[in-house]
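**Student:** Below you'll find run.cif; it's mmCIF, C-alpha atoms.
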```
data_input
loop_
_atom_site.label_atom_id
_atom_site.label_comp_id
_atom_site.auth_asym_id
_atom_site.auth_seq_id
_atom_site.Cartn_x
_atom_site.Cartn_y
_atom_site.Cartn_z
CA MET A 1 32.90 -9.60 3.12
CA SER A 2 33.07 -6.44 1.10
CA GLU A 3 29.93 -4.38 0.53
CA ASP A 4 31.67 -1.94 -1.76
CA PRO A 5 31.30 -3.02 -5.35
CA LYS A 6 33.17 -0.63 -7.57
CA ASN A 7 30.28 -0.85 -9.99
CA ASN A 8 32.40 -1.06 -13.07
CA GLY A 9 30.44 -3.92 -14.48
CA THR A 10 30.16 -5.95 -11.28
CA TYR A 11 27.09 -6.87 -9.36
CA GLN A 12 26.59 -8.74 -6.14
CA LEU A 13 24.08 -11.49 -5.55
CA ILE A 14 23.49 -11.50 -1.81
CA THR A 15 21.70 -14.29 0.02
CA PRO A 16 20.41 -13.01 3.36
CA PRO A 17 19.52 -15.57 6.03
CA ASN A 18 15.88 -16.74 5.91
CA SER A 19 15.14 -15.82 9.49
CA LEU A 20 11.45 -15.46 8.72
CA LYS A 21 11.01 -19.16 7.95
CA ALA A 22 12.96 -20.05 11.07
CA ARG A 23 10.69 -17.87 13.21
CA VAL A 24 7.37 -19.29 12.03
CA GLY A 25 8.29 -22.88 12.85
CA ALA A 26 7.96 -26.07 10.86
CA GLY A 27 4.35 -25.59 9.77
CA PHE A 28 3.25 -24.59 6.31
CA GLY A 29 0.80 -21.83 5.43
CA VAL A 30 -1.57 -19.92 7.65
CA ASP A 31 -3.93 -22.06 9.70
CA THR A 32 -7.10 -22.39 7.61
CA GLU A 33 -9.37 -21.97 10.63
CA LEU A 34 -7.66 -18.70 11.53
CA ALA A 35 -7.89 -17.55 7.89
CA LYS A 36 -11.66 -18.18 7.98
CA ARG A 37 -11.91 -16.12 11.18
CA ALA A 38 -10.00 -13.30 9.49
CA ASP A 39 -12.47 -13.47 6.59
CA SER A 40 -15.41 -13.07 8.99
CA ALA A 41 -13.71 -10.17 10.74
CA VAL A 42 -13.19 -8.39 7.41
CA GLN A 43 -16.82 -8.97 6.42
CA ASN A 44 -17.87 -7.24 9.64
CA MET A 45 -15.62 -4.33 8.69
CA GLN A 46 -17.33 -4.09 5.30
CA GLY A 47 -20.59 -3.46 7.14
CA ASP A 48 -18.86 -0.66 9.02
CA PHE A 49 -17.66 0.74 5.73
CA LEU A 50 -21.24 1.00 4.42
CA GLN A 51 -22.10 2.95 7.56
CA ARG A 52 -19.24 5.33 6.79
CA VAL A 53 -20.51 5.75 3.22
CA SER A 54 -23.92 6.55 4.65
CA SER A 55 -22.40 9.16 7.00
CA ALA A 56 -20.40 10.60 4.11
CA ALA A 57 -23.58 10.95 2.04
CA CYS A 58 -25.06 12.96 4.94
CA GLU A 59 -21.95 15.15 5.05
CA ILE A 60 -22.29 15.73 1.31
CA ALA A 61 -25.93 16.74 1.87
CA VAL A 62 -24.81 19.32 4.43
CA GLN A 63 -22.28 20.80 2.01
CA LEU A 64 -24.88 20.75 -0.73
CA SER A 65 -27.28 22.85 1.33
CA LEU A 66 -24.48 25.31 2.12
CA VAL A 67 -23.66 25.62 -1.59
CA GLU A 68 -27.33 26.22 -2.39
CA GLN A 69 -27.70 28.85 0.33
CA SER A 70 -24.78 31.08 -0.42
CA ASP A 71 -22.06 31.57 -3.05
CA ALA A 72 -19.73 32.61 -0.24
CA GLU A 73 -19.70 29.05 1.13
CA CYS A 74 -18.85 27.43 -2.20
CA ALA A 75 -15.04 27.47 -1.96
CA GLU A 76 -14.98 25.90 1.48
CA SER A 77 -17.70 23.41 0.60
CA CYS A 78 -15.82 22.31 -2.52
CA LEU A 79 -12.71 21.66 -0.41
CA GLU A 80 -14.78 19.66 2.05
CA LEU A 81 -16.47 17.68 -0.73
CA SER A 82 -13.07 16.88 -2.20
CA ARG A 83 -11.85 15.65 1.21
CA ILE A 84 -14.91 13.45 1.73
CA ALA A 85 -14.56 11.98 -1.78
CA GLN A 86 -10.83 11.34 -1.32
CA GLU A 87 -11.40 9.52 1.97
CA LEU A 88 -14.06 7.21 0.52
CA GLU A 89 -12.18 6.66 -2.73
CA THR A 90 -9.21 5.14 -0.90
CA GLN A 91 -11.35 2.94 1.29
CA GLY A 92 -13.78 1.82 -1.40
CA THR A 93 -11.23 -0.20 -3.30
CA ALA A 94 -9.75 -1.73 -0.16
CA PHE A 95 -13.08 -2.79 1.34
CA GLY A 96 -14.44 -4.30 -1.88
CA PHE A 97 -16.67 -1.43 -2.99
CA PRO A 98 -15.01 -0.12 -6.16
CA LEU A 99 -18.31 1.44 -7.25
CA VAL A 100 -18.02 3.81 -4.28
CA SER A 101 -14.47 4.65 -5.33
CA ASP A 102 -15.52 5.32 -8.92
CA VAL A 103 -18.33 7.65 -7.80
CA CYS A 104 -15.91 9.49 -5.52
CA VAL A 105 -13.28 9.84 -8.24
CA SER A 106 -15.94 11.45 -10.41
CA LEU A 107 -17.09 13.79 -7.61
CA LYS A 108 -13.54 14.79 -6.79
CA ARG A 109 -12.75 15.46 -10.45
CA TYR A 110 -15.82 17.69 -10.67
CA VAL A 111 -15.18 19.88 -7.63
CA GLU A 112 -11.44 20.12 -8.21
CA ASN A 113 -11.74 21.18 -11.84
CA LEU A 114 -14.27 23.97 -11.44
CA ASP A 115 -13.09 27.26 -12.95
CA ALA A 116 -14.47 29.02 -9.87
CA PRO A 117 -16.13 27.53 -6.78
CA GLY A 118 -19.22 29.64 -7.53
CA ASP A 119 -19.72 27.67 -10.75
CA VAL A 120 -20.66 24.57 -8.77
CA ASP A 121 -23.85 22.93 -10.01
CA SER A 122 -25.73 21.45 -7.07
CA LYS A 123 -27.52 18.97 -9.37
CA ILE A 124 -24.22 17.28 -10.20
CA ILE A 125 -23.27 17.00 -6.52
CA ARG A 126 -26.72 15.62 -5.75
CA ALA A 127 -26.43 13.01 -8.49
CA HIS A 128 -23.22 11.69 -6.91
CA MET A 129 -24.78 11.70 -3.45
CA ASP A 130 -27.80 9.78 -4.73
CA VAL A 131 -25.63 7.03 -6.18
CA LEU A 132 -23.77 6.70 -2.85
CA ARG A 133 -27.12 6.43 -1.03
CA SER A 134 -28.22 3.81 -3.48
CA VAL A 135 -25.07 1.78 -2.72
CA THR A 136 -25.75 1.89 1.02
CA GLY A 137 -29.50 1.36 0.66
CA ASN A 138 -29.02 -1.73 -1.49
CA SER A 139 -25.66 -2.91 -0.04
CA ILE A 140 -24.15 -2.95 -3.53
CA ALA A 141 -20.70 -4.51 -3.18
CA GLY A 142 -18.18 -4.71 -5.99
CA ASP A 143 -18.55 -2.58 -9.09
CA GLY A 144 -22.33 -2.86 -9.13
CA GLY A 145 -22.36 -4.82 -12.38
CA GLN A 146 -23.92 -3.31 -15.50
CA VAL A 147 -26.12 -0.95 -13.46
CA GLY A 148 -23.06 0.30 -11.58
CA ASN A 149 -21.14 0.83 -14.81
CA ASP A 150 -24.08 2.72 -16.31
CA LEU A 151 -24.39 4.94 -13.24
CA VAL A 152 -20.68 5.78 -13.19
CA GLY A 153 -20.80 6.36 -16.95
CA SER A 154 -23.65 8.85 -16.52
CA LEU A 155 -21.82 10.67 -13.71
CA ASN A 156 -18.65 10.89 -15.79
CA GLU A 157 -20.67 12.24 -18.69
CA LEU A 158 -22.26 14.90 -16.46
CA VAL A 159 -18.82 15.95 -15.19
CA ALA A 160 -17.34 15.99 -18.69
CA ARG A 161 -20.21 18.09 -20.00
CA ALA A 162 -19.84 20.56 -17.11
CA ALA A 163 -16.14 20.89 -17.90
CA GLY A 164 -17.09 21.86 -21.44
CA MET B 1 -0.07 -27.50 11.10
CA GLY B 2 0.13 -23.86 10.14
CA TYR B 3 2.73 -21.19 10.82
CA ALA B 4 3.38 -20.01 14.35
CA LEU B 5 3.16 -16.30 13.60
CA ASP B 6 3.28 -15.16 17.22
CA GLN B 7 7.02 -14.48 16.98
CA LEU B 8 6.65 -12.08 14.06
CA ARG B 9 6.79 -8.32 14.31
CA VAL B 10 5.11 -6.52 11.42
CA LEU B 11 4.96 -2.84 10.49
CA ILE B 12 1.96 -1.44 8.58
CA VAL B 13 2.29 2.04 7.06
CA ASP B 14 -0.78 3.65 5.53
CA PRO B 15 -2.22 7.17 5.83
CA ASN B 16 -5.79 5.84 6.06
CA THR B 17 -6.88 4.68 9.53
CA HIS B 18 -9.44 2.25 8.16
CA ILE B 19 -7.01 0.55 5.79
CA ARG B 20 -4.48 0.19 8.61
CA GLU B 21 -7.17 -1.36 10.78
CA LEU B 22 -8.26 -3.68 7.98
CA LEU B 23 -4.75 -5.06 7.56
CA ARG B 24 -4.17 -5.20 11.30
CA THR B 25 -7.40 -7.16 11.76
CA ILE B 26 -6.34 -9.71 9.15
CA LEU B 27 -2.83 -10.16 10.52
CA GLN B 28 -3.92 -10.13 14.16
CA THR B 29 -6.66 -12.69 13.59
CA VAL B 30 -4.20 -15.16 12.06
CA GLY B 31 -1.98 -14.81 15.12
CA THR B 32 0.73 -12.30 14.23
CA GLY B 33 2.63 -11.49 17.42
CA THR B 34 3.29 -7.75 17.23
CA ILE B 35 1.79 -5.31 14.75
CA ASP B 36 2.88 -1.69 14.72
CA LEU B 37 0.97 0.94 12.79
CA SER B 38 2.17 4.14 11.23
CA SER B 39 0.39 6.79 9.21
CA ASP B 40 3.27 8.03 7.06
CA GLY B 41 6.71 7.19 5.75
CA VAL B 42 8.64 9.53 8.06
CA ASP B 43 7.14 8.08 11.22
CA GLY B 44 7.22 4.62 9.64
CA PHE B 45 10.95 4.81 9.01
CA GLU B 46 11.64 6.09 12.50
CA ARG B 47 9.73 3.11 13.91
CA TYR B 48 11.55 0.79 11.52
CA CYS B 49 14.87 2.02 12.88
CA ARG B 50 13.80 1.41 16.48
CA HIS B 51 12.60 -2.21 16.18
CA GLU B 52 13.50 -5.39 14.39
CA TYR B 53 10.69 -6.04 11.91
CA ASP B 54 10.14 -9.27 10.01
CA VAL B 55 7.80 -7.91 7.33
CA VAL B 56 6.75 -4.38 6.29
CA PHE B 57 3.43 -3.61 4.60
CA THR B 58 3.21 -0.16 3.03
CA ASP B 59 0.83 1.82 0.90
CA SER B 60 2.28 3.38 -2.25
CA GLU B 61 0.32 6.64 -2.08
CA MET B 62 1.55 8.55 0.96
CA GLU B 63 2.68 12.04 1.87
CA PRO B 64 5.06 13.70 2.58
CA VAL B 65 7.25 10.67 1.87
CA SER B 66 5.82 8.46 -0.86
CA GLY B 67 5.66 4.70 -0.49
CA LEU B 68 8.53 4.32 -2.96
CA ASP B 69 10.68 6.82 -1.03
CA PHE B 70 9.90 4.88 2.14
CA VAL B 71 11.10 1.69 0.44
CA ASP B 72 14.26 3.54 -0.68
CA LEU B 73 14.93 4.56 2.93
CA ILE B 74 14.62 0.98 4.16
CA ARG B 75 16.76 -0.42 1.37
CA THR B 76 19.50 2.18 1.08
CA SER B 77 19.65 4.46 4.12
CA ALA B 78 22.72 3.92 6.26
CA LYS B 79 20.38 4.22 9.23
CA SER B 80 18.25 1.25 8.13
CA PRO B 81 18.74 -1.62 10.60
CA ASN B 82 17.87 -4.29 8.02
CA PRO B 83 17.82 -3.40 4.31
CA TYR B 84 16.82 -6.98 3.44
CA VAL B 85 13.41 -7.00 5.13
CA PRO B 86 10.55 -8.27 2.92
CA ILE B 87 8.38 -5.31 1.87
CA VAL B 88 4.84 -5.82 0.63
CA MET B 89 3.47 -2.75 -1.15
CA PHE B 90 -0.23 -2.26 -1.79
CA SER B 91 -1.79 0.20 -4.16
CA ALA B 92 -5.05 1.08 -5.85
CA TYR B 93 -3.00 1.50 -9.03
CA SER B 94 -1.83 -1.86 -10.22
CA ASP B 95 -1.01 -1.23 -13.87
CA GLU B 96 2.22 -2.65 -15.24
CA GLU B 97 4.03 0.68 -14.93
CA GLN B 98 3.26 0.95 -11.20
CA VAL B 99 4.25 -2.63 -10.51
CA THR B 100 7.51 -2.22 -12.43
CA LEU B 101 8.28 1.01 -10.59
CA ALA B 102 7.66 -0.68 -7.25
CA ARG B 103 9.86 -3.61 -8.24
CA ASP B 104 12.63 -1.26 -9.35
CA HIS B 105 12.57 0.42 -5.94
CA GLY B 106 13.09 -2.90 -4.17
CA VAL B 107 9.57 -3.97 -3.24
CA THR B 108 9.38 -7.71 -2.55
CA GLU B 109 5.68 -8.30 -3.23
CA PHE B 110 2.96 -6.12 -4.72
CA LEU B 111 -0.66 -6.18 -3.60
CA ALA B 112 -3.44 -4.57 -5.63
CA LYS B 113 -6.39 -3.02 -3.82
CA PRO B 114 -9.00 -4.19 -3.13
CA PHE B 115 -7.27 -6.96 -1.25
CA THR B 116 -8.93 -10.00 0.21
CA VAL B 117 -7.82 -11.97 3.24
CA ASP B 118 -6.71 -14.74 0.92
CA ILE B 119 -4.50 -12.45 -1.16
CA VAL B 120 -2.87 -10.82 1.89
CA LEU B 121 -2.10 -14.22 3.39
CA LYS B 122 -0.74 -15.50 0.07
CA ARG B 123 1.72 -12.58 -0.03
CA LEU B 124 2.75 -13.30 3.55
CA GLU B 125 3.24 -16.95 2.65
CA ALA B 126 5.28 -15.93 -0.41
CA VAL B 127 7.77 -13.89 1.62
CA ILE B 128 8.12 -16.70 4.14
CA GLU B 129 8.48 -19.58 1.69
CA ASN B 130 10.29 -17.91 -1.19
CA PRO B 131 12.89 -15.54 0.22
CA ARG B 132 14.54 -13.60 -2.58
CA SER B 133 18.24 -13.13 -3.02
CA PHE B 134 19.32 -9.51 -3.18
CA VAL B 135 21.15 -7.81 -6.01
CA ARG B 136 23.42 -4.81 -5.68
CA THR B 137 24.47 -2.93 -8.80
CA SER B 138 25.45 0.67 -9.44
CA SER B 139 21.81 1.64 -9.89
CA TYR B 140 19.81 -0.90 -7.92
CA PHE B 141 19.70 -2.56 -4.56
CA GLY B 142 16.84 -4.88 -3.72
CA PRO B 143 15.36 -8.33 -4.21
CA ASP B 144 16.46 -10.21 -7.32
CA ARG B 145 13.96 -9.09 -9.94
CA ARG B 146 14.39 -12.29 -11.93
CA ARG B 147 11.66 -14.10 -10.02
CA ASN B 148 11.84 -17.18 -12.23
CA SER B 149 15.60 -17.48 -12.39
CA SER B 150 16.53 -21.12 -12.54
CA GLN B 151 19.58 -22.73 -11.02
CA ASP B 152 19.45 -25.28 -13.86
CA TYR B 153 19.86 -22.71 -16.63
CA ASN B 154 22.57 -23.89 -19.00
CA GLY B 155 22.50 -21.13 -21.61
CA ALA B 156 24.83 -18.20 -22.05
CA GLU B 157 24.91 -15.57 -19.28
CA ARG B 158 23.17 -12.56 -20.79
CA ARG B 159 24.35 -10.11 -18.16
CA LYS B 160 27.44 -8.29 -19.33
CA SER B 161 28.67 -7.75 -15.79
CA THR B 162 30.58 -9.95 -13.41
CA LEU B 163 28.77 -11.76 -10.62
CA ARG B 164 30.00 -11.92 -7.07
CA GLU B 165 27.92 -14.16 -4.84
CA VAL B 166 27.69 -13.41 -1.14
CA SER B 167 25.92 -15.27 1.63
CA LEU B 168 25.08 -13.30 4.74
CA SER B 169 24.41 -14.32 8.29
CA ARG B 170 22.44 -12.20 10.74
CA GLN B 171 25.74 -11.18 12.36
CA ASP B 172 26.97 -9.90 8.98
CA ILE B 173 23.90 -7.66 8.71
CA SER B 174 24.45 -6.31 12.23
CA LYS B 175 28.12 -5.63 11.50
CA GLN B 176 27.29 -3.79 8.30
CA GLN B 177 24.88 -1.57 10.16
CA GLN B 178 27.35 -0.84 12.95
CA ALA B 179 29.98 0.09 10.39
CA ALA B 180 27.65 2.33 8.42
CA PRO B 181 27.92 6.05 9.07
CA SER B 182 25.07 7.35 11.18
CA GLN B 183 22.45 9.25 9.29
CA ASP B 184 20.46 11.80 11.18
CA LYS B 185 16.85 12.81 10.77
CA ARG B 186 17.77 15.64 8.41
CA ALA B 187 17.91 13.27 5.45
CA ILE B 188 14.35 12.15 6.05
CA ASP B 189 13.18 15.70 6.69
CA GLN B 190 14.79 16.77 3.43
CA LEU B 191 13.02 13.97 1.63
CA ALA B 192 9.76 14.99 3.24
CA ARG B 193 10.31 18.61 2.12
CA ASP B 194 11.09 17.54 -1.44
#
```
For this file, produce the structure as structure tokens.

**Tutor:**
Amino acid sequence: MSEDPKNNGTYQLITPPNSLKARVGAGFGVDTELAKRADSAVQNMQGDFLQRVSSAACEIAVQLSLVEQSDAECAESCLELSRIAQELETQGTAFGFPLVSDVCVSLKRYVENLDAPGDVDSKIIRAHMDVLRSVTGNSIAGDGGQVGNDLVGSLNELVARAAG
Amino acid sequence: MGYALDQLRVLIVDPNTHIRELLRTILQTVGTGTIDLSSDGVDGFERYCRHEYDVVFTDSEMEPVSGLDFVDLIRTSAKSPNPYVPIVMFSAYSDEEQVTLARDHGVTEFLAKPFTVDIVLKRLEAVIENPRSFVRTSSYFGPDRRRNSSQDYNGAERRKSTLREVSLSRQDISKQQQAAPSQDKRAIDQLARD
């Protein structure tokens, strides 16, 4: 068999062996009992995720106090805030908490688009942190419905206004 | 009776520890035999070259090698032990452009975040039950992108090119790989630098 099409108008349709089907045996689909167990395991992980959001809100509070204490700390704190937001943003969507992701996207956009780290407005950081605490305090999964949309809308507006 | 997944070896590539663990938990709980984890495309491809994987799950947003570059390595690198492996790509960005891009790089199935257990298992079921033929042209190598192509189609062939149909056995795949020139790590390193 040649694997060297000259590519002047030819194409190959290749049918590889379906070794995957042969390996999983004669059954069909994933065992429903096992799928239910996997569901429970993931739900437990969602609880762990809320704990991580809670820890992240504490880390944001630490950076916030550094920003408020000294202009010299602003650059490093902004980098750290961006890292925290990035980490939660990725996980939020995967663990079923898109509201967390949306809040983190907004926070990241704010700290990464500052003209100078010294321009950081602690009130805007605090507003983001408060929404994250509200998510953990009330176990708000999903996008948070209308209230979640309103909160994210307000944060985006704050960030847009700060950007001028 | 469900699948006996204990014979499967799966590779999960994602930079985020928690996402890797989430997928591993799902696949492990349903009985997948061996699950290897990797945090980036360079390490992921090195692992891929060392073992025989049945399915690969990869994130699209990775550094230094993106998820699409990782798929390119599996599909087209001479070092790839099996360019036909089913690849399931997951991404937080699931707009049409992203999905098309993934498809054009040879992704078998696309998974939008957030994913549920049900959706992950449906993708696994899809790659087991509906294996795709592969197409090789001058500009593309990967699963047949015409997902709904029908064997009963009686109309005119719209492709302007000539079709050559090839059926492969596992031995054919092994032979192709043995015949392929060896590709050292420099190619991956270069990709990582780019």

**Student:** Would you mind telling me which residue in B:Arg146, B:Arg103, B:Arg20, B:His51 lies nearest to Val71 of chain B when using all atoms listed in the file?

**Tutor:**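 Selected residue with least distance to Val71 of chain B: B:Arg103.
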
**Student:** Expanded to explicit residues, what is the PyMOL selection byres ((chain A and resi 156) around 12) for this file, as a ChimeraX atom specification?

**Tutor:** /A:102-110,124,127-128,149-155,157-163

**Student:** Compute the set of chain A residues within 8 Å of chain B, using all atoms listed in the file, and express it as a PDB file with C-alpha atoms, in the coordinates of the input.

**Tutor:**
```pdb
ATOM      1  CA  MET A   1      32.900  -9.600   3.120  1.00  0.00           C
ATOM      2  CA  PRO A   5      31.300  -3.020  -5.350  1.00  0.00           C
ATOM      3  CA  ASN A   7      30.280  -0.850  -9.990  1.00  0.00           C
ATOM      4  CA  GLY A   9      30.440  -3.920 -14.480  1.00  0.00           C
ATOM      5  CA  THR A  10      30.160  -5.950 -11.280  1.00  0.00           C
ATOM      6  CA  TYR A  11      27.090  -6.870  -9.360  1.00  0.00           C
ATOM      7  CA  GLN A  12      26.590  -8.740  -6.140  1.00  0.00           C
ATOM      8  CA  LEU A  13      24.080 -11.490  -5.550  1.00  0.00           C
ATOM      9  CA  ILE A  14      23.490 -11.500  -1.810  1.00  0.00           C
ATOM     10  CA  THR A  15      21.700 -14.290   0.020  1.00  0.00           C
ATOM     11  CA  PRO A  16      20.410 -13.010   3.360  1.00  0.00           C
ATOM     12  CA  PRO A  17      19.520 -15.570   6.030  1.00  0.00           C
ATOM     13  CA  ASN A  18      15.880 -16.740   5.910  1.00  0.00           C
ATOM     14  CA  LEU A  20      11.450 -15.460   8.720  1.00  0.00           C
ATOM     15  CA  LYS A  21      11.010 -19.160   7.950  1.00  0.00           C
ATOM     16  CA  ARG A  23      10.690 -17.870  13.210  1.00  0.00           C
ATOM     17  CA  VAL A  24       7.370 -19.290  12.030  1.00  0.00           C
ATOM     18  CA  GLY A  25       8.290 -22.880  12.850  1.00  0.00           C
ATOM     19  CA  ALA A  26       7.960 -26.070  10.860  1.00  0.00           C
ATOM     20  CA  GLY A  27       4.350 -25.590   9.770  1.00  0.00           C
ATOM     21  CA  PHE A  28       3.250 -24.590   6.310  1.00  0.00           C
ATOM     22  CA  GLY A  29       0.800 -21.830   5.430  1.00  0.00           C
ATOM     23  CA  VAL A  30      -1.570 -19.920   7.650  1.00  0.00           C
ATOM     24  CA  ASP A  31      -3.930 -22.060   9.700  1.00  0.00           C
ATOM     25  CA  THR A  32      -7.100 -22.390   7.610  1.00  0.00           C
ATOM     26  CA  LEU A  34      -7.660 -18.700  11.530  1.00  0.00           C
ATOM     27  CA  ALA A  35      -7.890 -17.550   7.890  1.00  0.00           C
ATOM     28  CA  ARG A  37     -11.910 -16.120  11.180  1.00  0.00           C
ATOM     29  CA  ALA A  38     -10.000 -13.300   9.490  1.00  0.00           C
ATOM     30  CA  ASP A  39     -12.470 -13.470   6.590  1.00  0.00           C
ATOM     31  CA  ALA A  41     -13.710 -10.170  10.740  1.00  0.00           C
ATOM     32  CA  VAL A  42     -13.190  -8.390   7.410  1.00  0.00           C
ATOM     33  CA  MET A  45     -15.620  -4.330   8.690  1.00  0.00           C
ATOM     34  CA  GLU A  87     -11.400   9.520   1.970  1.00  0.00           C
ATOM     35  CA  THR A  90      -9.210   5.140  -0.900  1.00  0.00           C
ATOM     36  CA  GLN A  91     -11.350   2.940   1.290  1.00  0.00           C
ATOM     37  CA  GLY A  92     -13.780   1.820  -1.400  1.00  0.00           C
ATOM     38  CA  THR A  93     -11.230  -0.200  -3.300  1.00  0.00           C
ATOM     39  CA  ALA A  94      -9.750  -1.730  -0.160  1.00  0.00           C
ATOM     40  CA  PHE A  95     -13.080  -2.790   1.340  1.00  0.00           C
ATOM     41  CA  GLY A  96     -14.440  -4.300  -1.880  1.00  0.00           C
ATOM     42  CA  PRO A  98     -15.010  -0.120  -6.160  1.00  0.00           C
TER      43      PRO A  98
END
```

**Student:** To verify the selection step, state as a list in words which residues the PyMOL selection byres ((chain A and resi 54) around 10) yields on this input.

**Tutor:**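 This file, filtered by the PyMOL selection byres ((chain A and resi 54) around 10), leaves Asp48, Phe49, Leu50, Gln51, Arg52, Val53, Ser55, Ala56, Ala57, Cys58, Glu59, Ile60, Met129, Leu132, Arg133, Ser134, Val135, Thr136 and Gly137 of chain A.
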
**Student:** Give me a file of those residues, with C-alpha atoms, as a JSON list (two decimals), keeping the file's coordinate frame.

**Tutor:**
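Okay, again-v1.json is ready:
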```json
[["chain", "number", "residue", "atom", "x", "y", "z"],
["A", 48, "ASP", "CA", -18.86, -0.66, 9.02],
["A", 49, "PHE", "CA", -17.66, 0.74, 5.73],
["A", 50, "LEU", "CA", -21.24, 1.00, 4.42],
["A", 51, "GLN", "CA", -22.10, 2.95, 7.56],
["A", 52, "ARG", "CA", -19.24, 5.33, 6.79],
["A", 53, "VAL", "CA", -20.51, 5.75, 3.22],
["A", 55, "SER", "CA", -22.40, 9.16, 7.00],
["A", 56, "ALA", "CA", -20.40, 10.60, 4.11],
["A", 57, "ALA", "CA", -23.58, 10.95, 2.04],
["A", 58, "CYS", "CA", -25.06, 12.96, 4.94],
["A", 59, "GLU", "CA", -21.95, 15.15, 5.05],
["A", 60, "ILE", "CA", -22.29, 15.73, 1.31],
["A", 129, "MET", "CA", -24.78, 11.70, -3.45],
["A", 132, "LEU", "CA", -23.77, 6.70, -2.85],
["A", 133, "ARG", "CA", -27.12, 6.43, -1.03],
["A", 134, "SER", "CA", -28.22, 3.81, -3.48],
["A", 135, "VAL", "CA", -25.07, 1.78, -2.72],
["A", 136, "THR", "CA", -25.75, 1.89, 1.02],
["A", 137, "GLY", "CA", -29.50, 1.36, 0.66]]
```

**Student:** Contacts of segment 35-47 of chain B at 6 Å or less, counting all atoms listed in the file, minus same-chain residues fewer than 3 places along, as a list in words?

**Tutor:**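 Surrounding residues, per the criterion: Arg9, Val10, Leu11, Ile12, Val13, Asp14, Pro15, Arg50, Val65 and Phe70 of chain B.
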
**Student:** Those residues with C-alpha atoms, as an mmCIF file, keeping the file's coordinate frame please?

**Tutor:**
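out_28.cif written:
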```
data_model
loop_
_atom_site.group_PDB
_atom_site.id
_atom_site.type_symbol
_atom_site.label_atom_id
_atom_site.label_comp_id
_atom_site.auth_asym_id
_atom_site.auth_seq_id
_atom_site.Cartn_x
_atom_site.Cartn_y
_atom_site.Cartn_z
ATOM 1 C CA ARG B 9 6.790 -8.320 14.310
ATOM 2 C CA VAL B 10 5.110 -6.520 11.420
ATOM 3 C CA LEU B 11 4.960 -2.840 10.490
ATOM 4 C CA ILE B 12 1.960 -1.440 8.580
ATOM 5 C CA VAL B 13 2.290 2.040 7.060
ATOM 6 C CA ASP B 14 -0.780 3.650 5.530
ATOM 7 C CA PRO B 15 -2.220 7.170 5.830
ATOM 8 C CA ARG B 50 13.800 1.410 16.480
ATOM 9 C CA VAL B 65 7.250 10.670 1.870
ATOM 10 C CA PHE B 70 9.900 4.880 2.140
#
```

**Student:** Could you tell me how far atom CA of Ser40 of chain A lies from atom CA of Asp143 of chain A, in Å and to one decimal?

**Tutor:**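 Spanning atom CA of Ser40 of chain A to atom CA of Asp143 of chain A is a straight-line distance of 21.1 Å.
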
**Student:** May I ask for the distance between atom CA of Ala141 of chain A and atom CA of Asn44 of chain A, given in Å to one decimal place?

**Tutor:** 13.4 Å

**Student:** How many Å separate atom CA of Asp104 of chain B from atom CA of Thr58 of chain B?

**Tutor:**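 Atom CA of Asp104 of chain B sits 15.6 Å away from atom CA of Thr58 of chain B.
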
**Student:** Name the residues that the PyMOL selection byres ((chain A and resi 61-67) around 8) picks from the file above, as number ranges by chain, using the file's chain letters and numbers.

**Tutor:** A: 57-60, 68-71, 73-74, 77, 80-81, 120, 122, 125-126, 129

**Student:** Using the selection just defined, write its residues with C-alpha atoms as a short mmCIF file (atom, residue, chain, number, x, y, z; two decimals), keeping the file's coordinate frame.

**Tutor:**
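Written output follows (out.cif):
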```cif
data_model
loop_
_atom_site.label_atom_id
_atom_site.label_comp_id
_atom_site.auth_asym_id
_atom_site.auth_seq_id
_atom_site.Cartn_x
_atom_site.Cartn_y
_atom_site.Cartn_z
CA ALA A 57 -23.58 10.95 2.04
CA CYS A 58 -25.06 12.96 4.94
CA GLU A 59 -21.95 15.15 5.05
CA ILE A 60 -22.29 15.73 1.31
CA GLU A 68 -27.33 26.22 -2.39
CA GLN A 69 -27.70 28.85 0.33
CA SER A 70 -24.78 31.08 -0.42
CA ASP A 71 -22.06 31.57 -3.05
CA GLU A 73 -19.70 29.05 1.13
CA CYS A 74 -18.85 27.43 -2.20
CA SER A 77 -17.70 23.41 0.60
CA GLU A 80 -14.78 19.66 2.05
CA LEU A 81 -16.47 17.68 -0.73
CA VAL A 120 -20.66 24.57 -8.77
CA SER A 122 -25.73 21.45 -7.07
CA ILE A 125 -23.27 17.00 -6.52
CA ARG A 126 -26.72 15.62 -5.75
CA MET A 129 -24.78 11.70 -3.45
#
```

**Student:** Can you pull out the residues contacting Val99 of chain B? Cut-off 12 Å, using only C-alpha atoms, and skip same-chain residues under 3 positions away; I want them as a list in words.

**Tutor:**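 Result of the neighbour search: Ser60, Leu68, Val88, Met89, Phe90, Ser91, Ala92, Tyr93, Ser94, Asp95, Glu96, Ala102, Arg103, Asp104, His105, Gly106, Val107, Thr108, Glu109, Phe110, Leu111, Ala112 and Arg145 of chain B.
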